[in-house]
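J.: For reference, this is structure03.txt, and it has compact mmCIF, C-alpha atoms.
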# COMPACT_ATOMS: atom_id res chain seq x y z
CA MET T 1038 91.84 139.15 92.36
CA LYS T 1039 91.52 139.78 96.08
CA ASN T 1040 87.79 140.45 95.65
CA ARG T 1041 87.46 137.22 93.70
CA TYR T 1042 89.19 135.33 96.51
CA LEU T 1043 86.89 136.82 99.15
CA THR T 1044 83.80 136.10 97.06
CA ILE T 1045 84.72 132.44 96.63
CA LEU T 1046 85.47 132.04 100.33
CA THR T 1047 82.25 133.81 101.39
CA LEU T 1048 80.10 131.68 99.08
CA PHE T 1049 81.62 128.47 100.34
CA VAL T 1050 81.29 129.43 104.01
CA ALA T 1051 77.62 130.26 103.34
CA LEU T 1052 77.18 126.85 101.71
CA PHE T 1053 78.90 125.21 104.66
CA ALA T 1054 76.80 127.06 107.26
CA ALA T 1055 73.41 126.44 105.62
CA PRO T 1056 73.02 122.78 106.77
CA VAL T 1057 74.03 123.75 110.32
CA VAL T 1058 71.24 126.35 110.46
CA LEU T 1059 68.66 124.05 108.85
CA HIS T 1060 69.41 121.20 111.25
CA ALA T 1061 70.00 123.26 114.39
CA ASP T 1062 67.05 121.63 116.18
CA ASP T 1063 67.37 118.20 114.57
CA ASP T 1064 68.04 115.45 117.14
CA SER T 1065 68.14 112.64 114.57
CA ASP T 1066 71.25 110.91 113.25
CA SER T 1067 70.62 112.16 109.69
CA PHE T 1068 72.87 115.18 110.29
CA GLY T 1069 76.36 115.40 111.74
CA VAL T 1070 79.26 117.72 112.45
CA ARG T 1071 82.94 116.70 112.19
CA LEU T 1072 85.91 118.52 113.71
CA SER T 1073 89.46 117.30 113.22
CA GLY T 1074 93.11 118.25 113.55
CA GLU T 1075 96.20 116.71 111.98
CA ALA T 1076 99.97 117.07 112.39
CA ASP T 1077 102.10 115.93 109.45
CA TYR T 1078 105.87 115.47 109.76
CA LYS T 1079 108.15 115.12 106.74
CA ILE T 1080 110.80 112.51 107.59
CA MET T 1081 112.51 112.84 104.23
CA LYS T 1082 111.53 113.59 100.65
CA GLY T 1083 108.36 111.66 99.85
CA MET T 1084 108.11 110.07 103.32
CA HIS T 1085 105.66 111.39 105.93
CA VAL T 1086 104.23 110.37 109.30
CA ASN T 1087 101.07 111.94 110.69
CA VAL T 1088 98.79 111.85 113.70
CA SER T 1089 95.21 113.08 113.74
CA GLU T 1090 92.16 113.32 115.95
CA GLU T 1091 88.59 113.59 114.68
CA LEU T 1092 85.43 114.19 116.72
CA ARG T 1093 82.01 113.41 115.25
CA PHE T 1094 78.75 114.79 116.58
CA LEU T 1095 75.22 113.75 115.60
CA GLY T 1096 72.00 115.79 115.45
CA GLY T 1097 71.13 119.10 117.00
CA SER T 1098 72.06 117.87 120.50
CA HIS T 1099 75.76 118.13 119.56
CA LEU T 1100 76.54 115.12 121.73
CA LEU T 1101 79.78 113.35 120.88
CA ASP T 1102 79.03 110.27 118.79
CA ARG T 1103 82.54 108.93 118.22
CA SER T 1104 86.21 109.86 118.06
CA TYR T 1105 89.00 108.67 115.76
CA THR T 1106 92.65 108.73 116.86
CA GLN T 1107 94.94 107.86 113.97
CA LEU T 1108 98.63 107.26 113.34
CA GLY T 1109 99.66 107.00 109.69
CA PHE T 1110 102.69 106.63 107.46
CA SER T 1111 102.94 107.39 103.73
CA TYR T 1112 105.60 107.22 101.05
CA LYS T 1113 105.53 108.72 97.56
CA PHE T 1114 107.30 106.34 95.18
CA LEU T 1115 106.83 108.58 92.16
CA ASP T 1116 105.40 112.06 91.57
CA PHE T 1117 102.04 110.47 90.78
CA LEU T 1118 102.05 107.36 93.02
CA LYS T 1119 101.79 107.19 96.82
CA ALA T 1120 101.19 104.38 99.32
CA GLY T 1121 100.18 104.56 102.96
CA VAL T 1122 99.32 102.51 106.05
CA SER T 1123 97.53 103.59 109.22
CA TYR T 1124 96.11 102.46 112.54
CA THR T 1125 93.01 104.05 114.09
CA ALA T 1126 91.56 103.68 117.57
CA ILE T 1127 87.81 104.35 117.42
CA ALA T 1128 85.77 105.22 120.51
CA VAL T 1129 82.02 104.90 119.89
CA HIS T 1130 80.03 106.72 122.58
CA LYS T 1131 76.70 105.13 123.43
CA SER T 1132 73.95 105.73 125.96
CA GLU T 1133 70.79 103.97 127.09
CA THR T 1134 67.92 105.34 129.15
CA THR T 1135 65.82 103.05 131.35
CA MET T 1136 62.98 103.88 133.74
CA PRO T 1137 63.01 101.48 136.72
CA ASP T 1138 60.41 102.52 139.31
CA THR T 1139 59.39 105.42 137.04
CA GLU T 1140 62.79 107.13 137.46
CA GLU T 1141 64.89 107.71 134.38
CA ILE T 1142 68.41 106.32 134.53
CA THR T 1143 70.83 107.06 131.69
CA THR T 1144 73.90 104.88 131.27
CA HIS T 1145 76.83 105.98 129.13
CA TRP T 1146 79.65 103.76 127.89
CA VAL T 1147 82.31 103.57 125.19
CA GLU T 1148 82.65 100.77 122.65
CA TRP T 1149 86.19 100.45 121.27
CA ARG T 1150 87.14 99.45 117.75
CA HIS T 1151 90.55 98.98 116.15
CA ARG T 1152 91.12 99.73 112.48
CA VAL T 1153 94.02 99.06 110.12
CA SER T 1154 94.23 100.45 106.60
CA GLY T 1155 96.48 100.24 103.56
CA ASP T 1156 96.04 102.40 100.49
CA LEU T 1157 97.52 103.24 97.11
CA SER T 1158 96.87 106.61 95.41
CA ALA T 1159 97.53 107.76 91.84
CA THR T 1160 97.34 111.43 90.77
CA LEU T 1161 97.12 113.00 87.34
CA LYS T 1162 97.76 116.74 86.85
CA ALA T 1163 96.30 118.69 83.93
CA GLY T 1164 97.13 122.38 84.25
CA GLN T 1165 95.46 123.62 87.42
CA TRP T 1166 93.31 120.48 87.66
CA ARG T 1167 94.21 117.42 89.71
CA PHE T 1168 92.54 114.05 89.32
CA SER T 1169 93.25 111.23 91.78
CA LEU T 1170 92.15 107.68 92.49
CA ARG T 1171 92.70 106.07 95.87
CA GLU T 1172 92.13 102.40 96.63
CA ARG T 1173 92.01 101.58 100.34
CA ILE T 1174 91.64 98.18 102.00
CA GLN T 1175 90.38 98.57 105.56
CA GLY T 1176 89.77 96.16 108.42
CA THR T 1177 87.85 97.06 111.59
CA TYR T 1178 87.81 94.88 114.71
CA LYS T 1179 84.97 95.41 117.20
CA MET T 1180 85.85 94.73 120.83
CA ARG T 1181 82.33 93.81 121.96
CA GLU T 1182 80.93 90.30 121.66
CA LEU T 1183 79.07 89.76 118.37
CA ASN T 1184 76.78 87.17 116.86
CA ASN T 1185 79.06 85.92 114.08
CA TYR T 1186 76.07 84.50 112.21
CA GLN T 1187 74.94 88.10 111.71
CA GLN T 1188 78.26 89.93 111.27
CA PRO T 1189 81.99 89.14 111.55
CA GLN T 1190 84.16 90.27 114.43
CA MET T 1191 86.64 91.73 111.92
CA SER T 1192 84.97 93.41 108.95
CA TRP T 1193 86.83 94.18 105.72
CA VAL T 1194 85.91 96.80 103.13
CA LEU T 1195 87.41 98.24 99.96
CA ARG T 1196 87.01 102.02 99.58
CA SER T 1197 87.57 103.51 96.11
CA ARG T 1198 87.74 107.30 95.99
CA LEU T 1199 87.75 109.34 92.79
CA LYS T 1200 88.63 112.99 93.46
CA VAL T 1201 88.94 116.13 91.35
CA ALA T 1202 90.49 119.40 92.61
CA TYR T 1203 91.35 122.79 91.12
CA LYS T 1204 94.30 124.84 92.40
CA PHE T 1205 94.14 128.58 91.74
CA ARG T 1206 97.35 130.23 90.59
CA SER T 1207 97.12 133.41 92.66
CA VAL T 1208 94.92 132.59 95.67
CA PRO T 1209 95.52 129.93 98.38
CA LEU T 1210 92.21 128.13 97.75
CA GLU T 1211 91.65 124.68 96.33
CA PRO T 1212 88.04 123.55 95.79
CA TYR T 1213 87.49 119.83 95.34
CA ALA T 1214 84.87 117.11 95.08
CA TYR T 1215 85.00 113.35 95.34
CA PHE T 1216 82.88 110.22 95.09
CA GLU T 1217 83.57 107.09 97.13
CA PRO T 1218 81.74 103.74 97.02
CA ARG T 1219 82.51 101.24 99.80
CA LEU T 1220 82.51 97.51 99.03
CA TYR T 1221 81.83 95.22 101.98
CA LEU T 1222 84.02 92.13 101.52
CA ASN T 1223 83.03 89.65 104.24
CA GLY T 1224 79.41 89.99 105.29
CA ALA T 1225 77.52 87.07 106.82
CA LYS T 1226 76.13 84.97 103.97
CA TRP T 1227 72.96 82.88 104.10
CA SER T 1228 71.58 80.71 101.32
CA GLY T 1229 68.11 81.51 100.11
CA GLU T 1230 68.08 85.00 101.63
CA SER T 1231 64.85 85.85 99.76
CA LEU T 1232 62.95 82.62 100.51
CA GLY T 1233 60.17 84.49 102.31
CA GLU T 1234 58.21 82.07 104.47
CA ASP T 1235 60.77 79.32 103.75
CA PHE T 1236 63.65 81.22 105.37
CA ARG T 1237 64.05 78.45 107.97
CA ASN T 1238 65.57 76.27 105.26
CA ALA T 1239 68.46 78.69 104.75
CA ASP T 1240 72.02 77.61 105.54
CA PHE T 1241 74.84 79.73 106.95
CA LEU T 1242 77.57 79.85 104.29
CA GLY T 1243 80.20 81.84 106.18
CA HIS T 1244 81.48 85.40 105.92
CA LYS T 1245 81.61 85.75 102.16
CA ASP T 1246 78.81 88.11 101.23
CA VAL T 1247 80.16 90.94 99.04
CA TYR T 1248 78.08 94.06 98.33
CA PHE T 1249 78.28 97.86 98.27
CA ASN T 1250 77.13 99.16 101.64
CA ARG T 1251 77.90 102.88 101.30
CA TYR T 1252 78.07 105.59 98.65
CA ARG T 1253 79.68 108.85 99.71
CA GLY T 1254 79.96 112.20 97.95
CA ALA T 1255 81.65 115.36 99.19
CA ALA T 1256 82.52 118.90 98.15
CA GLY T 1257 85.11 120.94 99.97
CA LEU T 1258 87.48 123.88 99.97
CA GLU T 1259 91.03 123.77 101.26
CA TRP T 1260 92.43 127.10 102.39
CA LYS T 1261 96.22 127.32 102.67
CA LEU T 1262 96.75 129.81 105.49
CA SER T 1263 100.54 129.62 105.30
CA LYS T 1264 103.33 127.24 104.36
CA ARG T 1265 102.62 125.08 107.41
CA ASN T 1266 98.94 125.72 108.19
CA ALA T 1267 95.79 124.83 106.28
CA LEU T 1268 92.03 124.69 106.87
CA ASP T 1269 89.59 122.42 105.09
CA PHE T 1270 85.83 123.08 104.95
CA TYR T 1271 83.63 120.34 103.49
CA LEU T 1272 80.06 119.14 103.03
CA LEU T 1273 79.60 115.37 102.98
CA TYR T 1274 76.69 113.13 101.98
CA ASP T 1275 76.44 109.42 102.92
CA ASN T 1276 73.99 106.86 101.60
CA LEU T 1277 74.31 103.82 103.87
CA TYR T 1278 72.98 100.33 103.18
CA ASP T 1279 72.98 97.27 105.40
CA LYS T 1280 71.22 93.95 105.87
CA ASN T 1281 68.96 92.86 108.73
CA ILE T 1282 69.99 89.35 109.75
CA ASP T 1283 68.35 87.68 112.73
CA ALA T 1284 70.01 84.34 113.40
CA LYS T 1285 71.01 82.24 116.37
CA LYS T 1286 72.70 78.98 117.23
CA GLU T 1287 70.20 76.50 118.59
CA GLY T 1288 71.07 73.20 120.25
CA SER T 1289 74.18 71.33 119.14
CA LYS T 1290 72.00 68.94 117.17
CA LYS T 1291 69.80 71.56 115.51
CA GLY T 1292 72.68 73.82 114.45
CA VAL T 1293 72.16 77.42 113.34
CA ALA T 1294 68.74 78.87 112.52
CA LEU T 1295 67.72 81.94 110.53
CA LYS T 1296 64.80 83.40 112.49
CA ALA T 1297 63.46 85.75 109.79
CA PRO T 1298 64.06 86.55 106.11
CA VAL T 1299 67.12 88.68 105.41
CA THR T 1300 66.04 92.20 104.48
CA GLY T 1301 67.93 95.35 103.54
CA TYR T 1302 67.57 98.92 104.74
CA SER T 1303 69.18 102.23 103.83
CA SER T 1304 69.67 105.60 105.49
CA ASN T 1305 71.04 108.98 104.49
CA ARG T 1306 73.25 111.40 106.40
CA VAL T 1307 74.55 114.90 105.71
CA SER T 1308 77.61 116.14 107.59
CA VAL T 1309 79.59 119.35 107.62
CA GLY T 1310 83.20 119.42 108.71
CA VAL T 1311 86.18 121.58 109.47
CA SER T 1312 89.71 120.21 109.51
CA TYR T 1313 92.99 121.89 110.52
CA LYS T 1314 96.39 120.61 109.35
CA PHE T 1315 99.84 121.58 110.56
CA SER T 1316 102.88 120.48 108.54
CA PHE T 1317 106.45 120.57 109.77
As a first step, turn the structure in this file into structure tokens.

T.:
Amino acid sequence: MKNRYLTILTLFVALFAAPVVLHADDDSDSFGVRLSGEADYKIMKGMHVNVSEELRFLGGSHLLDRSYTQLGFSYKFLDFLKAGVSYTAIAVHKSETTMPDTEEITTHWVEWRHRVSGDLSATLKAGQWRFSLRERIQGTYKMRELNNYQQPQMSWVLRSRLKVAYKFRSVPLEPYAYFEPRLYLNGAKWSGESLGEDFRNADFLGHKDVYFNRYRGAAGLEWKLSKRNALDFYLLYDNLYDKNIDAKKEGSKKGVALKAPVTGYSSNRVSVGVSYKFSF
């Protein structure tokens, strides 16, 4: 059994390391690395509070892209039903290089975002298998000034995650996989978005465009080091979709104008991650 345990762990670590090696010299944003730590405190039976910090890096440069500092609270009403709320402070690290007088000048700054979330999770156990569904409503407020005819200051999404996990009887390993679509609930909406050359006749209808703007899939392995310590290795794939909206408010008499047809674009990203959790 010990050999079986080591084989499973070795295979998964090899799977985890492969993307890192393949993208070692990749400076694009199509590959990322995530490192996180979490402390979970049990207040009473079924009631927990936790704090966590996650760092995300993009490309082969390993420059910090963003950080997530989260405080959360959860309560298990029943053995199969749990609810939670959380607040997250997000620091998005950005940089811009200019060349005045032929000399490169790089400016770095941080854009802050505030996020609130509420979720409800249901779990079904079948032998060693565990199936769960989590529904999460999430709002993110961006601190910088935005063109509200292109995107709202406070964006709302619904994230639905379907997860399956298998818990071995005799080894402290739990492989899992999940799929998560994200539904954007309040995108900027314009009439006649596909009018082509007649896009100037479009009207701004408010923040009521609803569409799926991300599909995420992941496979991971949780390793229970002890009663209080655990490591989680995972490989994550994101398919992102968004809309290009170029609009502006003209004079008070002319109102708002759509400057070009609304078009969509998509991108893909692969990330590997390691997470540590301490429970007390």

J.: Which neighbours of Phe1205 (chain T) fall inside 10 Å, counting all atoms listed in the file, when residues of the same chain fewer than 6 positions from it are skipped, and could you give them as a PDB file with C-alpha atoms, keeping the file's coordinate frame?

T.:
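What ended up in out-v7.pdb:
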ATOM      1  CA  TYR T1042      89.190 135.330  96.510  1.00  0.00           C
ATOM      2  CA  GLN T1165      95.460 123.620  87.420  1.00  0.00           C
ATOM      3  CA  TRP T1166      93.310 120.480  87.660  1.00  0.00           C
ATOM      4  CA  GLU T1211      91.650 124.680  96.330  1.00  0.00           C
ATOM      5  CA  PRO T1212      88.040 123.550  95.790  1.00  0.00           C
TER       6      PRO T1212
END

J.: Show me the residues close to (90.3, 101.2, 100.2) - anything with an atom within 12 Å, counting only C-alpha atoms - and format the list as number ranges by chain.

T.: T: 1120-1123, 1153-1158, 1170-1176, 1193-1199, 1217-1222

J.: Point out the residue among T:Tyr1215, T:Phe1110, T:Tyr1203, T:Trp1260 with the least atom-to-atom distance to Lys1314 (chain T), counting all atoms listed in the file.

T.: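 Using all atoms listed in the file, Lys1314 (chain T) sits closest to T:Trp1260.
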
J.: Using CA of Ser1316 (chain T) and CA of Val1088 (chain T) as the two end points, give the distance in Å to one decimal.

T.: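 Computing it gives 10.9 Å between the two atoms.
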
J.: If we count all atoms listed in the file and set the cut-off at 7 Å, which residues sit around region 1261-1272 of chain T, ignoring sequence neighbours fewer than 4 positions away in its own chain? Please answer as a list in words.

T.: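 These residues fall inside the cut-off: Phe1053, Pro1209, Leu1210, Ala1255, Ala1256, Gly1257, Ser1308, Val1309, Gly1310, Val1311, Ser1312, Tyr1313, Lys1314, Phe1315, Ser1316 and Phe1317 of chain T.
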
J.: Ranking T:Tyr1213, T:Tyr1124, T:Tyr1112, T:Tyr1078 by minimum distance to Phe1168 (chain T) and counting all atoms listed in the file, which one comes first?

T.: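 Among the listed residues, the smallest separation from Phe1168 (chain T) belongs to T:Tyr1213.
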
J.: I'd like the interatomic distance between CA of Ala1128 (chain T) and CA of Val1307 (chain T), to a tenth of an Å.

T.: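 It comes out at 20.9 Å.
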
J.: In terms of the shortest atom-to-atom distance over only C-alpha atoms, which of T:Lys1286, T:His1085, T:Arg1253, T:Lys1079 is closest to Arg1306 (chain T)?

T.: T:Arg1253
